[in-house]
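Enquirer: Quick one, query-v4.cif (mmCIF, C-alpha atoms):
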data_model
#
loop_
_atom_site.label_atom_id
_atom_site.label_comp_id
_atom_site.auth_asym_id
_atom_site.auth_seq_id
_atom_site.Cartn_x
_atom_site.Cartn_y
_atom_site.Cartn_z
CA MET A 1 0.00 0.00 0.00
CA VAL A 2 1.28 3.43 -0.91
CA GLU A 3 1.24 5.73 2.13
CA GLU A 4 0.37 9.39 1.78
CA ARG A 5 3.16 11.48 3.21
CA LEU A 6 2.99 15.09 4.39
CA SER A 7 5.98 17.04 5.70
CA GLY A 8 7.86 13.84 6.53
CA GLY A 9 4.89 12.29 8.35
CA VAL A 10 2.28 9.72 7.41
CA GLN A 11 -0.97 11.49 6.59
CA SER A 12 -3.14 8.38 6.86
CA LEU A 13 -1.82 7.77 10.38
CA GLU A 14 -2.57 11.36 11.34
CA VAL A 15 -6.14 11.00 10.06
CA GLY A 16 -6.55 7.74 11.98
CA LEU A 17 -5.29 9.37 15.16
CA SER A 18 -7.72 12.26 14.65
CA VAL A 19 -10.54 9.68 14.67
CA LEU A 20 -9.12 8.19 17.87
CA ASN A 21 -8.80 11.67 19.40
CA ALA A 22 -12.45 12.35 18.61
CA LEU A 23 -13.46 9.21 20.50
CA VAL A 24 -11.28 10.29 23.42
CA ASP A 25 -12.68 13.83 23.47
CA HIS A 26 -16.31 12.68 23.26
CA GLN A 27 -15.86 10.45 26.36
CA HIS A 28 -19.08 8.52 25.65
CA PRO A 29 -20.17 6.04 22.92
CA ILE A 30 -21.09 7.79 19.67
CA ILE A 31 -22.83 6.82 16.43
CA LEU A 32 -20.98 6.97 13.12
CA LYS A 33 -23.06 9.88 11.81
CA ASP A 34 -22.25 12.08 14.82
CA LEU A 35 -18.58 11.10 14.76
CA SER A 36 -18.25 11.96 11.06
CA HIS A 37 -19.97 15.32 11.70
CA LYS A 38 -17.60 15.98 14.60
CA LEU A 39 -14.62 15.28 12.30
CA ASP A 40 -16.14 16.97 9.23
CA MET A 41 -15.35 13.78 7.34
CA HIS A 42 -17.46 11.50 5.12
CA PRO A 43 -18.97 8.60 7.13
CA ALA A 44 -17.52 5.98 4.78
CA LYS A 45 -14.01 7.34 5.32
CA VAL A 46 -14.48 7.49 9.09
CA HIS A 47 -15.75 3.91 9.05
CA ARG A 48 -12.60 2.66 7.29
CA TYR A 49 -10.41 4.15 10.01
CA LEU A 50 -12.69 2.79 12.71
CA VAL A 51 -12.30 -0.71 11.28
CA SER A 52 -8.51 -0.41 11.62
CA LEU A 53 -8.77 1.00 15.15
CA ILE A 54 -11.06 -1.87 16.12
CA ARG A 55 -8.62 -4.42 14.70
CA MET A 56 -5.88 -2.94 16.90
CA ASP A 57 -8.27 -2.79 19.91
CA TYR A 58 -8.11 1.01 20.17
CA ALA A 59 -11.84 1.21 19.43
CA LYS A 60 -14.83 -1.10 19.63
CA GLN A 61 -18.36 -1.24 18.28
CA LEU A 62 -21.07 -1.81 20.87
CA ASP A 63 -24.16 -3.97 20.44
CA ASP A 64 -26.27 -0.90 19.70
CA GLY A 65 -23.94 0.11 16.85
CA GLN A 66 -22.22 2.96 18.64
CA TYR A 67 -18.44 3.30 18.79
CA ALA A 68 -16.31 3.67 21.91
CA LEU A 69 -12.70 3.38 23.08
CA GLY A 70 -11.25 -0.14 23.10
CA ASP A 71 -9.23 -1.83 25.80
CA GLN A 72 -5.88 -0.90 24.25
CA ALA A 73 -6.78 2.79 24.42
CA TRP A 74 -7.61 2.42 28.10
CA ARG A 75 -4.34 0.55 28.70
CA LEU A 76 -2.44 3.37 27.02
CA GLY A 77 -4.17 5.93 29.19
CA LEU A 78 -3.55 3.89 32.32
CA ASN A 79 0.14 3.59 31.50
CA CYS A 80 0.38 7.39 31.15
CA ILE A 81 -1.47 7.93 34.44
CA GLN A 82 0.83 5.51 36.26
CA HIS A 83 3.83 7.59 35.24
CA THR A 84 2.59 11.06 36.15
CA ASP A 85 5.23 13.19 37.82
CA ALA A 86 3.39 13.67 41.12
CA LEU A 87 2.77 9.98 41.67
CA GLN A 88 6.32 9.03 40.73
CA LEU A 89 7.75 11.67 43.06
CA VAL A 90 6.12 10.12 46.13
CA GLN A 91 6.46 6.41 45.30
CA SER A 92 8.96 5.79 48.09
CA MET A 93 6.67 7.57 50.56
CA ILE A 94 3.72 5.42 49.47
CA TYR A 95 5.74 2.24 49.93
CA ASP A 96 6.71 3.50 53.38
CA VAL A 97 3.03 3.96 54.23
CA GLN A 98 2.25 0.37 53.27
CA ALA A 99 5.21 -0.98 55.21
CA LYS A 100 4.22 1.03 58.28
CA ILE A 101 0.53 0.07 58.50
CA GLY A 102 0.73 -3.36 56.82
CA CYS A 103 -2.62 -2.99 55.01
CA SER A 104 -3.36 -3.19 51.29
CA ILE A 105 -2.89 0.15 49.57
CA GLN A 106 -4.81 1.32 46.53
CA ILE A 107 -4.00 4.42 44.48
CA SER A 108 -6.78 5.88 42.33
CA LYS A 109 -6.88 8.73 39.85
CA TRP A 110 -9.88 10.31 38.17
CA SER A 111 -11.05 9.08 34.77
CA PRO A 112 -14.16 9.95 32.73
CA ARG A 113 -15.77 6.76 34.08
CA GLY A 114 -14.89 7.40 37.72
CA PRO A 115 -11.97 6.59 40.07
CA LEU A 116 -9.46 4.43 38.20
CA VAL A 117 -7.14 2.15 40.20
CA VAL A 118 -3.61 2.82 38.92
CA GLN A 119 -1.60 1.06 41.61
CA ALA A 120 -2.28 -1.65 44.19
CA MET A 121 -0.09 -3.09 46.94
CA GLU A 122 -0.84 -6.26 48.90
CA SER A 123 -1.08 -6.30 52.67
CA ASN A 124 1.38 -8.14 54.90
CA HIS A 125 -1.34 -10.55 56.05
CA PRO A 126 -1.99 -14.11 54.81
CA ILE A 127 -5.29 -13.02 53.20
CA ALA A 128 -4.87 -9.82 51.22
CA ILE A 129 -7.63 -7.68 49.71
CA VAL A 130 -6.25 -6.24 46.48
CA THR A 131 -8.19 -4.35 43.82
CA LYS A 132 -7.15 -5.07 40.26
CA VAL A 133 -5.24 -2.26 38.55
CA GLY A 134 -7.49 -0.78 35.87
CA SER A 135 -10.67 -1.25 37.91
CA ILE A 136 -13.20 1.57 38.09
CA MET A 137 -14.36 2.11 41.66
CA PRO A 138 -17.95 3.09 42.47
CA LEU A 139 -18.49 6.65 43.64
CA VAL A 140 -21.29 6.02 46.13
CA ASN A 141 -20.01 3.26 48.40
CA SER A 142 -16.22 3.01 48.01
CA ALA A 143 -13.72 5.04 50.02
CA SER A 144 -11.94 6.36 46.92
CA GLY A 145 -15.26 7.10 45.21
CA ARG A 146 -16.47 9.12 48.18
CA VAL A 147 -13.24 11.15 48.20
CA PHE A 148 -13.55 12.05 44.52
CA ALA A 149 -17.30 12.68 44.81
CA SER A 150 -16.64 15.10 47.68
CA PHE A 151 -13.73 17.07 46.26
CA MET A 152 -14.70 17.20 42.58
CA PRO A 153 -17.37 19.45 40.99
CA GLU A 154 -20.98 18.32 41.33
CA HIS A 155 -21.65 18.50 37.58
CA VAL A 156 -18.87 15.95 37.02
CA VAL A 157 -19.70 13.38 39.70
CA ARG A 158 -23.45 13.61 40.22
CA PRO A 159 -24.51 12.12 36.83
CA LEU A 160 -22.28 9.08 37.45
CA MET A 161 -23.65 8.67 40.97
CA GLU A 162 -27.23 8.89 39.74
CA LEU A 163 -26.46 6.01 37.37
CA GLU A 164 -25.18 3.94 40.30
CA TRP A 165 -28.34 4.67 42.29
CA GLN A 166 -30.52 3.74 39.32
CA ALA A 167 -28.67 0.45 38.82
CA ALA A 168 -28.96 -0.34 42.54
CA ALA A 169 -32.71 0.34 42.50
CA GLN A 170 -33.23 -1.89 39.47
CA SER A 171 -31.38 -4.78 41.12
CA SER A 172 -32.85 -4.12 44.60
CA TYR A 173 -29.32 -3.67 45.93
CA PRO A 174 -29.14 -1.66 49.19
CA LEU A 175 -26.78 1.21 48.41
CA LYS A 176 -25.77 3.80 51.01
CA PRO A 177 -26.01 6.72 50.85
CA GLN A 178 -29.32 6.14 49.05
CA ASN A 179 -29.58 9.45 47.19
CA TRP A 180 -27.93 12.81 46.57
CA ASP A 181 -29.33 14.46 49.69
CA GLU A 182 -27.96 11.68 51.90
CA PHE A 183 -24.61 11.96 50.15
CA LEU A 184 -24.44 15.71 50.83
CA ALA A 185 -24.68 15.00 54.56
CA LEU A 186 -21.80 12.53 54.23
CA LYS A 187 -19.83 14.94 52.04
CA THR A 188 -19.83 17.58 54.79
CA SER A 189 -18.06 15.18 57.13
CA ILE A 190 -15.58 14.07 54.43
CA LEU A 191 -14.63 17.65 53.60
CA GLU A 192 -14.13 18.49 57.25
CA GLN A 193 -11.99 15.44 58.01
CA HIS A 194 -10.25 15.17 54.59
CA MET A 195 -11.03 11.47 54.83
CA ALA A 196 -13.69 9.04 53.60
CA LEU A 197 -14.52 5.76 55.34
CA ALA A 198 -16.21 2.64 53.98
CA GLN A 199 -17.01 0.18 56.74
CA GLY A 200 -18.40 -2.89 55.03
CA ASP A 201 -20.18 -0.67 52.48
CA LEU A 202 -18.52 -2.29 49.48
CA LEU A 203 -17.50 -5.67 50.95
CA VAL A 204 -18.93 -7.10 54.17
CA GLY A 205 -16.31 -7.22 56.93
CA ILE A 206 -13.84 -5.08 54.97
CA ASN A 207 -12.84 -1.59 56.06
CA ALA A 208 -11.37 1.06 53.81
CA VAL A 209 -10.23 4.61 54.38
CA GLY A 210 -9.48 7.05 51.57
CA LEU A 211 -7.47 10.26 51.80
CA PRO A 212 -7.03 12.89 49.08
CA VAL A 213 -3.65 13.99 47.75
CA PHE A 214 -3.43 17.43 46.14
CA ASN A 215 -0.85 18.91 43.77
CA ALA A 216 0.95 22.22 44.14
CA GLN A 217 -2.05 24.02 42.60
CA GLY A 218 -4.41 22.57 45.20
CA VAL A 219 -6.10 20.28 42.68
CA LEU A 220 -6.97 16.70 43.67
CA GLU A 221 -4.20 14.60 42.13
CA PHE A 222 -4.99 11.09 43.40
CA CYS A 223 -6.49 9.21 46.31
CA ILE A 224 -4.72 6.85 48.69
CA VAL A 225 -6.88 4.08 50.16
CA ALA A 226 -5.95 1.60 52.88
CA ILE A 227 -7.99 -1.63 52.83
CA ASP A 228 -8.14 -4.54 55.27
CA THR A 229 -10.39 -6.58 57.48
CA GLU A 230 -12.07 -5.02 60.51
CA MET A 231 -9.51 -6.79 62.71
CA PHE A 232 -6.43 -5.41 60.98
CA LEU A 233 -7.82 -1.95 60.12
CA PRO A 234 -10.07 -0.65 62.88
CA LEU A 235 -11.54 2.75 62.08
CA ASP A 236 -12.45 3.99 65.55
CA ALA A 237 -11.03 7.19 67.00
CA GLN A 238 -8.34 5.28 68.93
CA SER A 239 -7.01 3.41 65.86
CA GLU A 240 -3.21 3.75 65.74
CA LYS A 241 -3.12 2.59 62.11
CA LEU A 242 -5.61 5.27 61.12
CA ALA A 243 -3.53 7.92 62.88
CA GLU A 244 -0.34 6.69 61.15
CA LEU A 245 -2.05 6.70 57.77
CA LYS A 246 -3.36 10.25 58.20
CA SER A 247 0.06 11.46 59.31
CA ALA A 248 1.83 9.81 56.37
CA VAL A 249 -0.61 11.17 53.77
CA ALA A 250 -0.36 14.63 55.34
CA ALA A 251 3.41 14.43 54.80
CA ILE A 252 2.86 13.44 51.14
CA ASN A 253 0.55 16.43 50.68
CA ARG A 254 3.07 18.82 52.23
CA PHE A 255 5.83 17.47 50.01
CA LEU A 256 3.82 17.93 46.78
CA GLN A 257 2.37 21.32 47.70
CA ASN A 258 5.75 22.77 48.67
CA ARG A 259 7.50 21.82 45.43
#
Using the file provided, produce a representation of the structure as structure tokens.
Expert:
Amino acid sequence: MVEERLSGGVQSLEVGLSVLNALVDHQHPIILKDLSHKLDMHPAKVHRYLVSLIRMDYAKQLDDGQYALGDQAWRLGLNCIQHTDALQLVQSMIYDVQAKIGCSIQISKWSPRGPLVVQAMESNHPIAIVTKVGSIMPLVNSASGRVFASFMPEHVVRPLMELEWQAAAQSSYPLKPQNWDEFLALKTSILEQHMALAQGDLLVGINAVGLPVFNAQGVLEFCIVAIDTEMFLPLDAQSEKLAELKSAVAAINRFLQNR
């Protein structure tokens, strides 16, 4: 195949990447007609590039005919997130936190679909609770989700939370908080304490505590979550592990904000 070249580059590759960029920018599944309008490109031409992106797993076609990002695109994004400067700068401090408290540690960053787990460390105990890297955590009843839901703008998080409440209602699953008003009451406490707890809310018998980490501009950079059984991670006011975790994350925040 003869490749079109422009200024030393490959024009066909650039066009294909513009299709991929449009999928990334849209953030939600999209029909071919709307995608071609967005790109100002004939639908047949857009379709040809979509076929190639699907073959390479950078895009996928859903059952309803819409197009969305494929797994390889998400893996690429995850790899970039894992190597952000702020997270890399405090890696040794995060490992020190895990070694000090002995619990599983989960690091989450925000993605268009919700909190994305970008790093996970096992606990020192025989039975470890570890969340798979690449998992999207729920906003309503996970510690990391509650942190992001509290510190991020309402127009960003509320639509995703409403979807979780709708899904819970359809499956008769008891989800707490049960609605936006109940969440607002919880949010007040989270903002005051700079900490979100989940005591058996996501998994029975499992405690989790999430703390926000901010960058030098005061923007939420990622969330650190400690996870373990009720025995190994008590969340009462006298918990030494909770105090150590809060102290360690406070040190991480000071380090990043004073750079």
Enquirer: Run the PyMOL selection byres ((chain A and resi 46) around 10) against the file shown and list the residues it catches, as an MDAnalysis selection string.
Expert: chainID A and resid 15:16 18:19 32:33 35:37 39:45 47:51
Enquirer: Those residues with C-alpha atoms, as an mmCIF file, in the frame of the given file please?
Expert:
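Output contents, as saved in part12.cif:
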data_model
loop_
_atom_site.group_PDB
_atom_site.id
_atom_site.type_symbol
_atom_site.label_atom_id
_atom_site.label_comp_id
_atom_site.auth_asym_id
_atom_site.auth_seq_id
_atom_site.Cartn_x
_atom_site.Cartn_y
_atom_site.Cartn_z
ATOM 1 C CA VAL A 15 -6.140 11.000 10.060
ATOM 2 C CA GLY A 16 -6.550 7.740 11.980
ATOM 3 C CA SER A 18 -7.720 12.260 14.650
ATOM 4 C CA VAL A 19 -10.540 9.680 14.670
ATOM 5 C CA LEU A 32 -20.980 6.970 13.120
ATOM 6 C CA LYS A 33 -23.060 9.880 11.810
ATOM 7 C CA LEU A 35 -18.580 11.100 14.760
ATOM 8 C CA SER A 36 -18.250 11.960 11.060
ATOM 9 C CA HIS A 37 -19.970 15.320 11.700
ATOM 10 C CA LEU A 39 -14.620 15.280 12.300
ATOM 11 C CA ASP A 40 -16.140 16.970 9.230
ATOM 12 C CA MET A 41 -15.350 13.780 7.340
ATOM 13 C CA HIS A 42 -17.460 11.500 5.120
ATOM 14 C CA PRO A 43 -18.970 8.600 7.130
ATOM 15 C CA ALA A 44 -17.520 5.980 4.780
ATOM 16 C CA LYS A 45 -14.010 7.340 5.320
ATOM 17 C CA HIS A 47 -15.750 3.910 9.050
ATOM 18 C CA ARG A 48 -12.600 2.660 7.290
ATOM 19 C CA TYR A 49 -10.410 4.150 10.010
ATOM 20 C CA LEU A 50 -12.690 2.790 12.710
ATOM 21 C CA VAL A 51 -12.300 -0.710 11.280
#
Enquirer: Determine the nearest neighbour of Asp96 (chain A) from the options A:Gln72, A:Ser247, A:Ser12, A:Thr229, counting only C-alpha atoms.
Expert: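 Closest candidate: A:Ser247.
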Enquirer: Using CA of Ala143 (chain A) and CA of Ala208 (chain A) as the two end points, give the distance in Å to one decimal.
Expert: 6.0 Å
Enquirer: Give me, as number ranges by chain, all polymer residues having an atom no more than 9 Å from Gln257 (chain A), counting all atoms listed in the file and skipping those fewer than 4 positions away in the same chain.
Expert: A: 214-218, 252-253
Enquirer: Please return as a compact mmCIF listing (two decimals) with C-alpha atoms, keeping the file's coordinate frame every residue within 7 Å of (-3.5, -1.8, 63.3), taking into account all atoms listed in the file and the file's own coordinates.
Expert:
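out_14.txt, freshly written:
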# COMPACT_ATOMS: atom_id res chain seq x y z
CA ILE A 101 0.53 0.07 58.50
CA PHE A 232 -6.43 -5.41 60.98
CA LEU A 233 -7.82 -1.95 60.12
CA PRO A 234 -10.07 -0.65 62.88
CA SER A 239 -7.01 3.41 65.86
CA GLU A 240 -3.21 3.75 65.74
CA LYS A 241 -3.12 2.59 62.11
Enquirer: List the residues matched by the PyMOL selection byres ((chain A and resi 67) around 10) in the displayed structure as JSON, numbers by chain, ordered by chain and then by residue number.
Expert: {"A": [23, 28, 29, 30, 31, 32, 35, 50, 54, 59, 60, 61, 62, 63, 64, 65, 66, 68, 69, 70]}
Enquirer: If you keep C-alpha atoms, can you produce a file of those selected residues as a PDB file, keeping the file's coordinate frame?
Expert:
ATOM      1  CA  LEU A  23     -13.460   9.210  20.500  1.00  0.00           C
ATOM      2  CA  HIS A  28     -19.080   8.520  25.650  1.00  0.00           C
ATOM      3  CA  PRO A  29     -20.170   6.040  22.920  1.00  0.00           C
ATOM      4  CA  ILE A  30     -21.090   7.790  19.670  1.00  0.00           C
ATOM      5  CA  ILE A  31     -22.830   6.820  16.430  1.00  0.00           C
ATOM      6  CA  LEU A  32     -20.980   6.970  13.120  1.00  0.00           C
ATOM      7  CA  LEU A  35     -18.580  11.100  14.760  1.00  0.00           C
ATOM      8  CA  LEU A  50     -12.690   2.790  12.710  1.00  0.00           C
ATOM      9  CA  ILE A  54     -11.060  -1.870  16.120  1.00  0.00           C
ATOM     10  CA  ALA A  59     -11.840   1.210  19.430  1.00  0.00           C
ATOM     11  CA  LYS A  60     -14.830  -1.100  19.630  1.00  0.00           C
ATOM     12  CA  GLN A  61     -18.360  -1.240  18.280  1.00  0.00           C
ATOM     13  CA  LEU A  62     -21.070  -1.810  20.870  1.00  0.00           C
ATOM     14  CA  ASP A  63     -24.160  -3.970  20.440  1.00  0.00           C
ATOM     15  CA  ASP A  64     -26.270  -0.900  19.700  1.00  0.00           C
ATOM     16  CA  GLY A  65     -23.940   0.110  16.850  1.00  0.00           C
ATOM     17  CA  GLN A  66     -22.220   2.960  18.640  1.00  0.00           C
ATOM     18  CA  ALA A  68     -16.310   3.670  21.910  1.00  0.00           C
ATOM     19  CA  LEU A  69     -12.700   3.380  23.080  1.00  0.00           C
ATOM     20  CA  GLY A  70     -11.250  -0.140  23.100  1.00  0.00           C
TER      21      GLY A  70
END
Enquirer: What lies within 7 Å of region 103-107 of chain A using only C-alpha atoms, ignoring chain neighbours under 2 positions off, as a list in words?
Expert: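 So, after excluding close chain neighbours, the residues are Gln98, Ile101, Lys109, Val117, Val118, Gln119, Ala120, Met121, Glu122, Ser123, Asn124, Ala128, Ile129, Val130, Phe222, Cys223, Ile224, Val225, Ala226, Ile227 and Asp228 of chain A.
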Enquirer: For region 158-160 of chain A, please output as a PyMOL selection string all residues within 8 Å (counting all atoms listed in the file; exclusion window: fewer than 6 positions along the same chain).
Expert: chain A and resi 113-114+139+149+180
Enquirer: Would you list the residues near (-23.1, 1.8, 34.9), meaning any protein, DNA or RNA residue with an atom at most 12 Å from that point in file coordinates, counting only C-alpha atoms, as an NGL selection string?
Expert: :A and (113-114 or 136-139 or 159-168 or 170)
Enquirer: Now that the selection is made, can you save its residues with C-alpha atoms as a compact mmCIF listing (two decimals), in the frame of the given file?
Expert:
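So again35.txt came out as:
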# COMPACT_ATOMS: atom_id res chain seq x y z
CA ARG A 113 -15.77 6.76 34.08
CA GLY A 114 -14.89 7.40 37.72
CA ILE A 136 -13.20 1.57 38.09
CA MET A 137 -14.36 2.11 41.66
CA PRO A 138 -17.95 3.09 42.47
CA LEU A 139 -18.49 6.65 43.64
CA PRO A 159 -24.51 12.12 36.83
CA LEU A 160 -22.28 9.08 37.45
CA MET A 161 -23.65 8.67 40.97
CA GLU A 162 -27.23 8.89 39.74
CA LEU A 163 -26.46 6.01 37.37
CA GLU A 164 -25.18 3.94 40.30
CA TRP A 165 -28.34 4.67 42.29
CA GLN A 166 -30.52 3.74 39.32
CA ALA A 167 -28.67 0.45 38.82
CA ALA A 168 -28.96 -0.34 42.54
CA GLN A 170 -33.23 -1.89 39.47
Enquirer: So that all listed atoms of region 171-190 of chain A fit with 6 Å spare on each side, what axis-aligned box centre and edge lengths in Å, to one decimal, would you give as JSON?
Expert:
{"center_x": -24.2, "center_y": 6.4, "center_z": 49.1, "size_x": 29.3, "size_y": 34.4, "size_z": 28.0}
Enquirer: Expand the PyMOL selection byres ((chain A and resi 175) around 8) into the individual residues it matches in the shown file, reporting them as an mmCIF file with C-alpha atoms, in the frame of the given file.
Expert:
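Just written: selection35.cif:
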data_model
loop_
_atom_site.group_PDB
_atom_site.id
_atom_site.type_symbol
_atom_site.label_atom_id
_atom_site.label_comp_id
_atom_site.auth_asym_id
_atom_site.auth_seq_id
_atom_site.Cartn_x
_atom_site.Cartn_y
_atom_site.Cartn_z
ATOM 1 C CA VAL A 140 -21.290 6.020 46.130
ATOM 2 C CA ASN A 141 -20.010 3.260 48.400
ATOM 3 C CA TRP A 165 -28.340 4.670 42.290
ATOM 4 C CA ALA A 168 -28.960 -0.340 42.540
ATOM 5 C CA TYR A 173 -29.320 -3.670 45.930
ATOM 6 C CA PRO A 174 -29.140 -1.660 49.190
ATOM 7 C CA LYS A 176 -25.770 3.800 51.010
ATOM 8 C CA PRO A 177 -26.010 6.720 50.850
ATOM 9 C CA GLN A 178 -29.320 6.140 49.050
ATOM 10 C CA ASP A 201 -20.180 -0.670 52.480
#
Enquirer: Which of these, A:Gly134, A:Pro112, A:Pro212, A:Gly145, has the shortest distance to Ala248 (chain A) once you count all atoms listed in the file?
Expert: A:Pro212
Enquirer: What does the structure give for the distance between CA of Arg259 (chain A) and CA of Phe151 (chain A), in Å to one decimal?
Expert: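 Separating CA of Arg259 (chain A) from CA of Phe151 (chain A) is a distance of 21.8 Å.
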Enquirer: Kindly indicate which residue among A:Gln199, A:Ser150, A:Ser172, A:Thr131 lies nearest to Ala185 (chain A), using all atoms listed in the file for the distances.
Expert: A:Ser150
Enquirer: Nearest to Ser142 (chain A) among A:Val204, A:Val97, A:Leu87, A:Val209, with distances taken over only C-alpha atoms: which residue is it?
Expert: A:Val209
Enquirer: Between A:Pro126, A:Leu116, A:Glu192, A:Glu221, which residue has the minimum interatomic distance to Trp74 (chain A), considering only C-alpha atoms?
Expert: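 For Trp74 (chain A), the nearest of the given residues is A:Leu116.
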Enquirer: Report, in Å to a single decimal, how far apart CA of Gln88 (chain A) and CA of Leu245 (chain A) are.
Expert: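 Straight-line distance from CA of Leu245 (chain A) to CA of Gln88 (chain A) works out to 19.1 Å.
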Enquirer: Let me make sure I understand: among A:Arg55, A:Arg75, A:Arg254, A:Lys38, which one has the smallest atom-to-atom distance to Ser135 (chain A) if we use only C-alpha atoms?
Expert: A:Arg75
Enquirer: Would you mind completing region 138-145 of chain A so that it carries all heavy atoms, and writing it out as a PDB file, in the coordinates of the input?
Expert:
ATOM      1  N   PRO A 138     -16.683   2.366  42.375  1.00  0.00           N
ATOM      2  CA  PRO A 138     -17.950   3.090  42.470  1.00  0.00           C
ATOM      3  C   PRO A 138     -17.796   4.371  43.285  1.00  0.00           C
ATOM      4  O   PRO A 138     -16.974   4.434  44.203  1.00  0.00           O
ATOM      5  CB  PRO A 138     -18.887   2.096  43.167  1.00  0.00           C
ATOM      6  CG  PRO A 138     -17.971   1.172  43.916  1.00  0.00           C
ATOM      7  CD  PRO A 138     -16.732   1.067  43.081  1.00  0.00           C
ATOM      8  N   LEU A 139     -18.571   5.379  42.939  1.00  0.00           N
ATOM      9  CA  LEU A 139     -18.490   6.650  43.640  1.00  0.00           C
ATOM     10  C   LEU A 139     -19.258   6.640  44.955  1.00  0.00           C
ATOM     11  O   LEU A 139     -18.848   7.256  45.930  1.00  0.00           O
ATOM     12  CB  LEU A 139     -19.018   7.777  42.749  1.00  0.00           C
ATOM     13  CG  LEU A 139     -18.097   8.223  41.619  1.00  0.00           C
ATOM     14  CD1 LEU A 139     -18.867   9.041  40.597  1.00  0.00           C
ATOM     15  CD2 LEU A 139     -16.943   9.051  42.162  1.00  0.00           C
ATOM     16  N   VAL A 140     -20.387   5.934  44.983  1.00  0.00           N
ATOM     17  CA  VAL A 140     -21.290   6.020  46.130  1.00  0.00           C
ATOM     18  C   VAL A 140     -20.766   5.310  47.361  1.00  0.00           C
ATOM     19  O   VAL A 140     -20.777   5.856  48.462  1.00  0.00           O
ATOM     20  CB  VAL A 140     -22.689   5.495  45.763  1.00  0.00           C
ATOM     21  CG1 VAL A 140     -23.603   5.476  46.990  1.00  0.00           C
ATOM     22  CG2 VAL A 140     -23.315   6.351  44.665  1.00  0.00           C
ATOM     23  N   ASN A 141     -20.290   4.069  47.195  1.00  0.00           N
ATOM     24  CA  ASN A 141     -20.010   3.260  48.400  1.00  0.00           C
ATOM     25  C   ASN A 141     -18.578   2.774  48.531  1.00  0.00           C
ATOM     26  O   ASN A 141     -18.307   1.877  49.329  1.00  0.00           O
ATOM     27  CB  ASN A 141     -20.970   2.073  48.468  1.00  0.00           C
ATOM     28  CG  ASN A 141     -20.827   1.132  47.285  1.00  0.00           C
ATOM     29  OD1 ASN A 141     -20.285   1.502  46.244  1.00  0.00           O
ATOM     30  ND2 ASN A 141     -21.311  -0.087  47.431  1.00  0.00           N
ATOM     31  N   SER A 142     -17.639   3.343  47.787  1.00  0.00           N
ATOM     32  CA  SER A 142     -16.220   3.010  48.010  1.00  0.00           C
ATOM     33  C   SER A 142     -15.528   4.209  48.633  1.00  0.00           C
ATOM     34  O   SER A 142     -15.964   5.356  48.473  1.00  0.00           O
ATOM     35  CB  SER A 142     -15.530   2.634  46.685  1.00  0.00           C
ATOM     36  OG  SER A 142     -15.314   3.786  45.880  1.00  0.00           O
ATOM     37  N   ALA A 143     -14.448   3.954  49.354  1.00  0.00           N
ATOM     38  CA  ALA A 143     -13.720   5.040  50.020  1.00  0.00           C
ATOM     39  C   ALA A 143     -13.130   6.012  48.995  1.00  0.00           C
ATOM     40  O   ALA A 143     -13.235   7.234  49.151  1.00  0.00           O
ATOM     41  CB  ALA A 143     -12.623   4.466  50.913  1.00  0.00           C
ATOM     42  N   SER A 144     -12.520   5.477  47.942  1.00  0.00           N
ATOM     43  CA  SER A 144     -11.940   6.360  46.920  1.00  0.00           C
ATOM     44  C   SER A 144     -13.038   7.122  46.196  1.00  0.00           C
ATOM     45  O   SER A 144     -12.904   8.320  45.913  1.00  0.00           O
ATOM     46  CB  SER A 144     -11.111   5.545  45.926  1.00  0.00           C
ATOM     47  OG  SER A 144     -11.895   4.539  45.307  1.00  0.00           O
ATOM     48  N   GLY A 145     -14.155   6.438  45.887  1.00  0.00           N
ATOM     49  CA  GLY A 145     -15.260   7.100  45.210  1.00  0.00           C
ATOM     50  C   GLY A 145     -15.805   8.257  46.021  1.00  0.00           C
ATOM     51  O   GLY A 145     -16.090   9.343  45.481  1.00  0.00           O
TER      52      GLY A 145
END
